[in-house]
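Peer 1: Okay, so here is protein_35.cif, and as you'll see once you scroll down, it has mmCIF, C-alpha atoms and all ligand atoms; chains and numbers go by the auth columns.
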```
data_upload
loop_
_atom_site.group_PDB
_atom_site.id
_atom_site.type_symbol
_atom_site.label_atom_id
_atom_site.label_comp_id
_atom_site.label_asym_id
_atom_site.label_seq_id
_atom_site.Cartn_x
_atom_site.Cartn_y
_atom_site.Cartn_z
_atom_site.B_iso_or_equiv
_atom_site.auth_seq_id
_atom_site.auth_asym_id
ATOM 1 C CA MET A 1 97.611 79.056 124.845 0.00 134 A
ATOM 2 C CA ILE A 2 93.867 78.480 124.561 0.00 135 A
ATOM 3 C CA ASN A 3 93.611 82.118 125.565 0.00 136 A
ATOM 4 C CA ASP A 4 95.680 83.150 122.531 0.00 137 A
ATOM 5 C CA GLU A 5 93.375 81.207 120.228 0.00 138 A
ATOM 6 C CA HIS A 6 90.325 82.765 121.891 0.00 139 A
ATOM 7 C CA THR A 7 91.756 86.287 121.508 0.00 140 A
ATOM 8 C CA ALA A 8 92.733 85.649 117.882 0.00 141 A
ATOM 9 C CA ARG A 9 89.200 84.480 117.050 0.00 142 A
ATOM 10 C CA GLN A 10 87.603 87.407 118.885 0.00 143 A
ATOM 11 C CA VAL A 11 89.811 90.030 117.217 0.00 144 A
ATOM 12 C CA CYS A 12 89.353 88.464 113.787 0.00 145 A
ATOM 13 C CA GLU A 13 85.568 88.306 114.183 0.00 146 A
ATOM 14 C CA GLY A 14 85.651 91.981 115.225 0.00 147 A
ATOM 15 C CA ILE A 15 87.488 92.818 112.005 0.00 148 A
ATOM 16 C CA LEU A 16 85.034 90.787 109.919 0.00 149 A
ATOM 17 C CA ASP A 17 82.056 92.419 111.714 0.00 150 A
ATOM 18 C CA SER A 18 83.406 95.849 110.742 0.00 151 A
ATOM 19 C CA LEU A 19 83.073 94.873 107.068 0.00 152 A
ATOM 20 C CA VAL A 20 79.321 95.324 106.804 0.00 153 A
ATOM 21 C CA GLY A 21 77.182 94.817 103.714 0.00 154 A
ATOM 22 C CA LEU A 22 79.354 92.319 101.841 0.00 155 A
ATOM 23 C CA PRO A 23 77.424 90.429 99.136 0.00 156 A
ATOM 24 C CA PHE A 24 79.043 87.106 100.119 0.00 157 A
ATOM 25 C CA GLY A 25 79.622 85.039 103.264 0.00 158 A
ATOM 26 C CA LEU A 26 82.682 85.724 105.414 0.00 159 A
ATOM 27 C CA GLY A 27 83.644 84.035 108.670 0.00 160 A
ATOM 28 C CA VAL A 28 86.300 82.394 110.813 0.00 161 A
ATOM 29 C CA ALA A 29 86.426 78.679 109.956 0.00 162 A
ATOM 30 C CA SER A 30 89.088 77.662 112.495 0.00 163 A
ATOM 31 C CA VAL A 31 91.906 78.922 114.714 0.00 164 A
ATOM 32 C CA ARG A 32 95.046 76.970 115.623 0.00 165 A
ATOM 33 C CA LEU A 33 98.028 77.957 117.716 0.00 166 A
ATOM 34 C CA ASP A 34 101.073 77.732 115.474 0.00 167 A
ATOM 35 C CA THR A 35 103.089 74.957 117.089 0.00 168 A
ATOM 36 C CA ASP A 36 105.394 74.089 114.202 0.00 169 A
ATOM 37 C CA SER A 37 108.809 73.587 115.734 0.00 170 A
ATOM 38 C CA GLU A 38 111.921 71.434 115.735 0.00 171 A
ATOM 39 C CA PRO A 39 111.455 68.257 117.790 0.00 172 A
ATOM 40 C CA GLY A 40 112.915 68.616 121.290 0.00 173 A
ATOM 41 C CA LEU A 41 113.400 72.359 120.986 0.00 174 A
ATOM 42 C CA ALA A 42 111.867 74.685 123.513 0.00 175 A
ATOM 43 C CA PHE A 43 109.388 76.694 121.499 0.00 176 A
ATOM 44 C CA GLU A 44 107.205 79.670 122.145 0.00 177 A
ATOM 45 C CA PRO A 45 104.443 79.951 119.548 0.00 178 A
ATOM 46 C CA THR A 46 104.605 83.338 117.816 0.00 179 A
ATOM 47 C CA SER A 47 101.296 83.278 115.984 0.00 180 A
ATOM 48 C CA VAL A 48 97.826 81.839 115.763 0.00 181 A
ATOM 49 C CA GLU A 49 96.808 80.542 112.357 0.00 182 A
ATOM 50 C CA ILE A 50 93.291 81.641 111.404 0.00 183 A
ATOM 51 C CA THR A 51 91.467 80.050 108.501 0.00 184 A
ATOM 52 C CA LEU A 52 88.887 82.356 106.944 0.00 185 A
ATOM 53 C CA ALA A 53 85.871 81.174 104.992 0.00 186 A
ATOM 54 C CA ILE A 54 85.373 83.623 102.121 0.00 187 A
ATOM 55 C CA ASP A 55 82.288 82.631 100.175 0.00 188 A
ATOM 56 C CA ARG A 56 83.222 79.054 99.177 0.00 189 A
ATOM 57 C CA GLU A 57 86.984 79.589 99.399 0.00 190 A
ATOM 58 C CA SER A 58 89.325 79.597 102.358 0.00 191 A
ATOM 59 C CA ALA A 59 92.368 81.703 103.181 0.00 192 A
ATOM 60 C CA VAL A 60 94.891 81.655 106.026 0.00 193 A
ATOM 61 C CA VAL A 61 95.865 84.730 108.048 0.00 194 A
ATOM 62 C CA ARG A 62 97.974 84.965 111.209 0.00 195 A
ATOM 63 C CA TRP A 63 97.437 86.676 114.569 0.00 196 A
ATOM 64 C CA ASN A 64 100.935 87.819 115.538 0.00 197 A
ATOM 65 C CA LEU A 65 101.619 87.161 119.234 0.00 198 A
ATOM 66 C CA ALA A 66 104.923 89.061 119.179 0.00 199 A
ATOM 67 C CA LEU A 67 103.375 92.466 118.394 0.00 200 A
ATOM 68 C CA PRO A 68 101.689 94.874 120.845 0.00 201 A
ATOM 69 C CA GLN A 69 97.937 94.164 120.645 0.00 202 A
ATOM 70 C CA LEU A 70 96.898 97.277 118.662 0.00 203 A
ATOM 71 C CA ASP A 71 99.649 96.735 116.104 0.00 204 A
ATOM 72 C CA ALA A 72 98.595 93.091 115.854 0.00 205 A
ATOM 73 C CA VAL A 73 94.985 94.162 115.157 0.00 206 A
ATOM 74 C CA VAL A 74 96.134 96.446 112.310 0.00 207 A
ATOM 75 C CA ASP A 75 98.443 93.706 111.014 0.00 208 A
ATOM 76 C CA LEU A 76 95.600 91.169 111.015 0.00 209 A
ATOM 77 C CA ALA A 77 93.178 93.627 109.376 0.00 210 A
ATOM 78 C CA ASN A 78 95.765 94.170 106.622 0.00 211 A
ATOM 79 C CA GLN A 79 96.012 90.425 106.042 0.00 212 A
ATOM 80 C CA VAL A 80 92.212 90.034 105.984 0.00 213 A
ATOM 81 C CA GLN A 81 91.988 92.853 103.426 0.00 214 A
ATOM 82 C CA ASP A 82 94.678 91.207 101.266 0.00 215 A
ATOM 83 C CA ALA A 83 92.955 87.808 101.527 0.00 216 A
ATOM 84 C CA LEU A 84 89.677 89.394 100.393 0.00 217 A
ATOM 85 C CA ALA A 85 91.371 91.199 97.503 0.00 218 A
ATOM 86 C CA GLU A 86 92.855 87.890 96.356 0.00 219 A
ATOM 87 C CA SER A 87 89.641 85.910 96.729 0.00 220 A
ATOM 88 C CA ARG A 88 87.246 85.196 93.887 0.00 221 A
ATOM 89 C CA ALA A 89 84.327 86.796 95.750 0.00 222 A
ATOM 90 C CA GLY A 90 86.214 89.948 96.748 0.00 223 A
ATOM 91 C CA TRP A 91 88.260 90.377 93.585 0.00 224 A
ATOM 92 C CA GLY A 92 88.245 93.960 92.337 0.00 225 A
ATOM 93 C CA ALA A 93 86.002 95.193 95.190 0.00 226 A
ATOM 94 C CA GLN A 94 87.092 98.063 97.453 0.00 227 A
ATOM 95 C CA ILE A 95 86.704 96.458 100.885 0.00 228 A
ATOM 96 C CA PRO A 96 85.970 98.315 103.054 0.00 229 A
ATOM 97 C CA ARG A 97 85.017 101.171 100.767 0.00 230 A
ATOM 98 C CA CYS A 98 85.644 104.843 101.605 0.00 231 A
ATOM 99 C CA SER A 99 82.231 106.520 101.692 0.00 232 A
ATOM 100 C CA VAL A 100 83.769 109.817 100.511 0.00 233 A
ATOM 101 C CA HIS A 101 86.028 108.677 97.647 0.00 234 A
ATOM 102 C CA GLY A 102 85.200 105.053 96.860 0.00 235 A
ATOM 103 C CA HIS A 103 88.740 103.751 97.318 0.00 236 A
ATOM 104 C CA PRO A 104 89.554 101.110 99.941 0.00 237 A
ATOM 105 C CA LEU A 105 90.085 102.224 103.538 0.00 238 A
ATOM 106 C CA GLU A 106 93.308 101.306 105.342 0.00 239 A
ATOM 107 C CA PRO A 107 93.640 99.785 108.814 0.00 240 A
ATOM 108 C CA ARG A 108 95.383 102.206 111.197 0.00 241 A
ATOM 109 C CA VAL A 109 95.627 103.220 114.820 0.00 242 A
ATOM 110 C CA VAL A 110 93.966 106.615 115.340 0.00 243 A
ATOM 111 C CA ASP A 111 93.844 108.078 118.860 0.00 244 A
ATOM 112 C CA GLY A 112 94.634 104.694 120.386 0.00 245 A
ATOM 113 C CA VAL A 113 91.874 102.833 118.526 0.00 246 A
ATOM 114 C CA ALA A 114 92.134 100.477 115.542 0.00 247 A
ATOM 115 C CA VAL A 115 90.061 101.808 112.636 0.00 248 A
ATOM 116 C CA TRP A 116 89.592 101.563 108.894 0.00 249 A
ATOM 117 C CA ALA A 117 90.756 105.013 107.786 0.00 250 A
ATOM 118 C CA CYS A 118 90.647 106.989 104.561 0.00 251 A
ATOM 119 C CA PRO A 119 94.230 107.214 103.253 0.00 252 A
ATOM 120 C CA LEU A 120 93.526 110.899 102.487 0.00 253 A
ATOM 121 C CA GLY A 121 92.620 111.561 106.113 0.00 254 A
ATOM 122 C CA TYR A 122 88.841 112.157 105.862 0.00 255 A
ATOM 123 C CA ALA A 123 87.603 111.433 109.372 0.00 256 A
ATOM 124 C CA ASP A 124 83.966 111.096 108.156 0.00 257 A
ATOM 125 C CA ALA A 125 84.887 107.915 106.303 0.00 258 A
ATOM 126 C CA MET A 126 86.428 106.217 109.361 0.00 259 A
ATOM 127 C CA ILE A 127 85.015 102.864 110.537 0.00 260 A
ATOM 128 C CA PRO A 128 85.947 101.489 113.985 0.00 261 A
ATOM 129 C CA ILE A 129 87.321 97.949 113.888 0.00 262 A
ATOM 130 C CA ARG A 130 86.125 96.802 117.323 0.00 263 A
HETATM 131 ZN ZN ZN B . 88.813 108.379 101.153 0.00 301 B
#
```
Just dump the structure as structure tokens.
Ligand SMILES: [Zn+2]
Peer 2:
Amino acid sequence: MINDEHTARQVCEGILDSLVGLPFGLGVASVRLDTDSEPGLAFEPTSVEITLAIDRESAVVRWNLALPQLDAVVDLANQVQDALAESRAGWGAQIPRCSVHGHPLEPRVVDGVAVWACPLGYADAMIPIR
């Protein structure tokens, strides 16, 4: 359980580290195993709730414990990107930005590695996530 929280924090910090050169602060404020359940019911947590600090705002994303790890990394990167797009600091910015075209990169698995990839397939623009 503590392991899941540790992994969630590590993966999320890896995603945030891959977003270099942002003009505002970005970090993991807290992680918490999602233990919401019916009283008395046997319950396996299915996610870890991660609170991000984006400049002076916060946003919640979830590390999905039910997905294979690589898919979970891409899923989390997607949520981080959405949270940034909806934040005041990241509003209207292309994060992370494709160095070839200027549009936002998309999280994907390429050759067994999680990366930020150009949606048009330009390998030069690719940024590794971890
Ligand atoms: Zn591109």
Peer 1: How would you write, as number ranges by chain, the residues chosen by the PyMOL selection byres (((not hetatm)) within 9 of (chain B and resi 301)) on this structure?
Peer 2: A: 230-238, 250-259
Peer 1: Out of A:Ala162, A:Ile228, A:Ala141, A:Val213, which residue has the shortest atom-to-atom distance to A:Val181 when counting all atoms listed in the file?
Peer 2: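 Among A:Ala162, A:Ile228, A:Ala141, A:Val213, it is A:Ala141 that comes nearest to A:Val181.
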Peer 1: Which of these residues is nearest to A:Ile260, using all atoms listed in the file: A:Val194, A:Ile148, A:Gln212, A:Leu159?
Peer 2: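 Distance minimum relative to A:Ile260 lands on A:Ile148.
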Peer 1: May I ask for the distance between atom CA of A:Gly158 and atom CA of A:Asp188, given in Å to one decimal place?
Peer 2: 4.7 Å
Peer 1: Excluding A:Thr140 and any residue of its chain fewer than 5 positions from it, enumerate the residues within 12 Å of it, using all atoms listed in the file, and give them as a list in words.
Peer 2: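 Residues meeting the cut-off are Met134, Ile135, Cys145, Glu146, Gly147, Val164, Arg165, Leu166, Ser180, Val181, Glu182, Ile183, Trp196, Asn197, Leu198, Gln202, Ala205 and Val206 of chain A.
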Peer 1: When you count all atoms listed in the file, which of these residues is closest to A:Leu203: A:Ala186, A:Leu155, A:Ala247, A:Ala218?
Peer 2: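 Nearest to A:Leu203: A:Ala247.
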Peer 1: What is the distance, in Å and to one decimal place, between atom CA of A:Gly223 and atom CA of A:Ser191?
Peer 2: 12.2 Å
Peer 1: Nearest residue to A:Leu200 out of A:Ser151, A:Ser220, A:Thr168, A:Thr179, using all atoms listed in the file?
Peer 2: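 Looking at the shortest contact to A:Leu200, the residue is A:Thr179.
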Peer 1: Atom CA of A:Ala199 and atom CA of A:Pro178 are how many Å apart?
Peer 2: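 Answer for the atom CA of A:Ala199 to atom CA of A:Pro178 separation: 9.1 Å.
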Peer 1: Pick from A:Asn136, A:Gly225, A:Arg142, A:Asp167: nearest to A:Leu185, with only C-alpha atoms counted?
Peer 2: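 Smallest distance to A:Leu185 is found for A:Arg142.
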Peer 1: Could you work out an axis-aligned box for stretch 134-149 of chain A, taking every atom the file lists and adding 4 Å on each side, and report centre and edge lengths in Å to one decimal, as lines of an AutoDock Vina configuration file?
Peer 2:
```
center_x = 91.3
center_y = 85.6
center_z = 117.7
size_x = 20.6
size_y = 22.3
size_z = 23.6
```
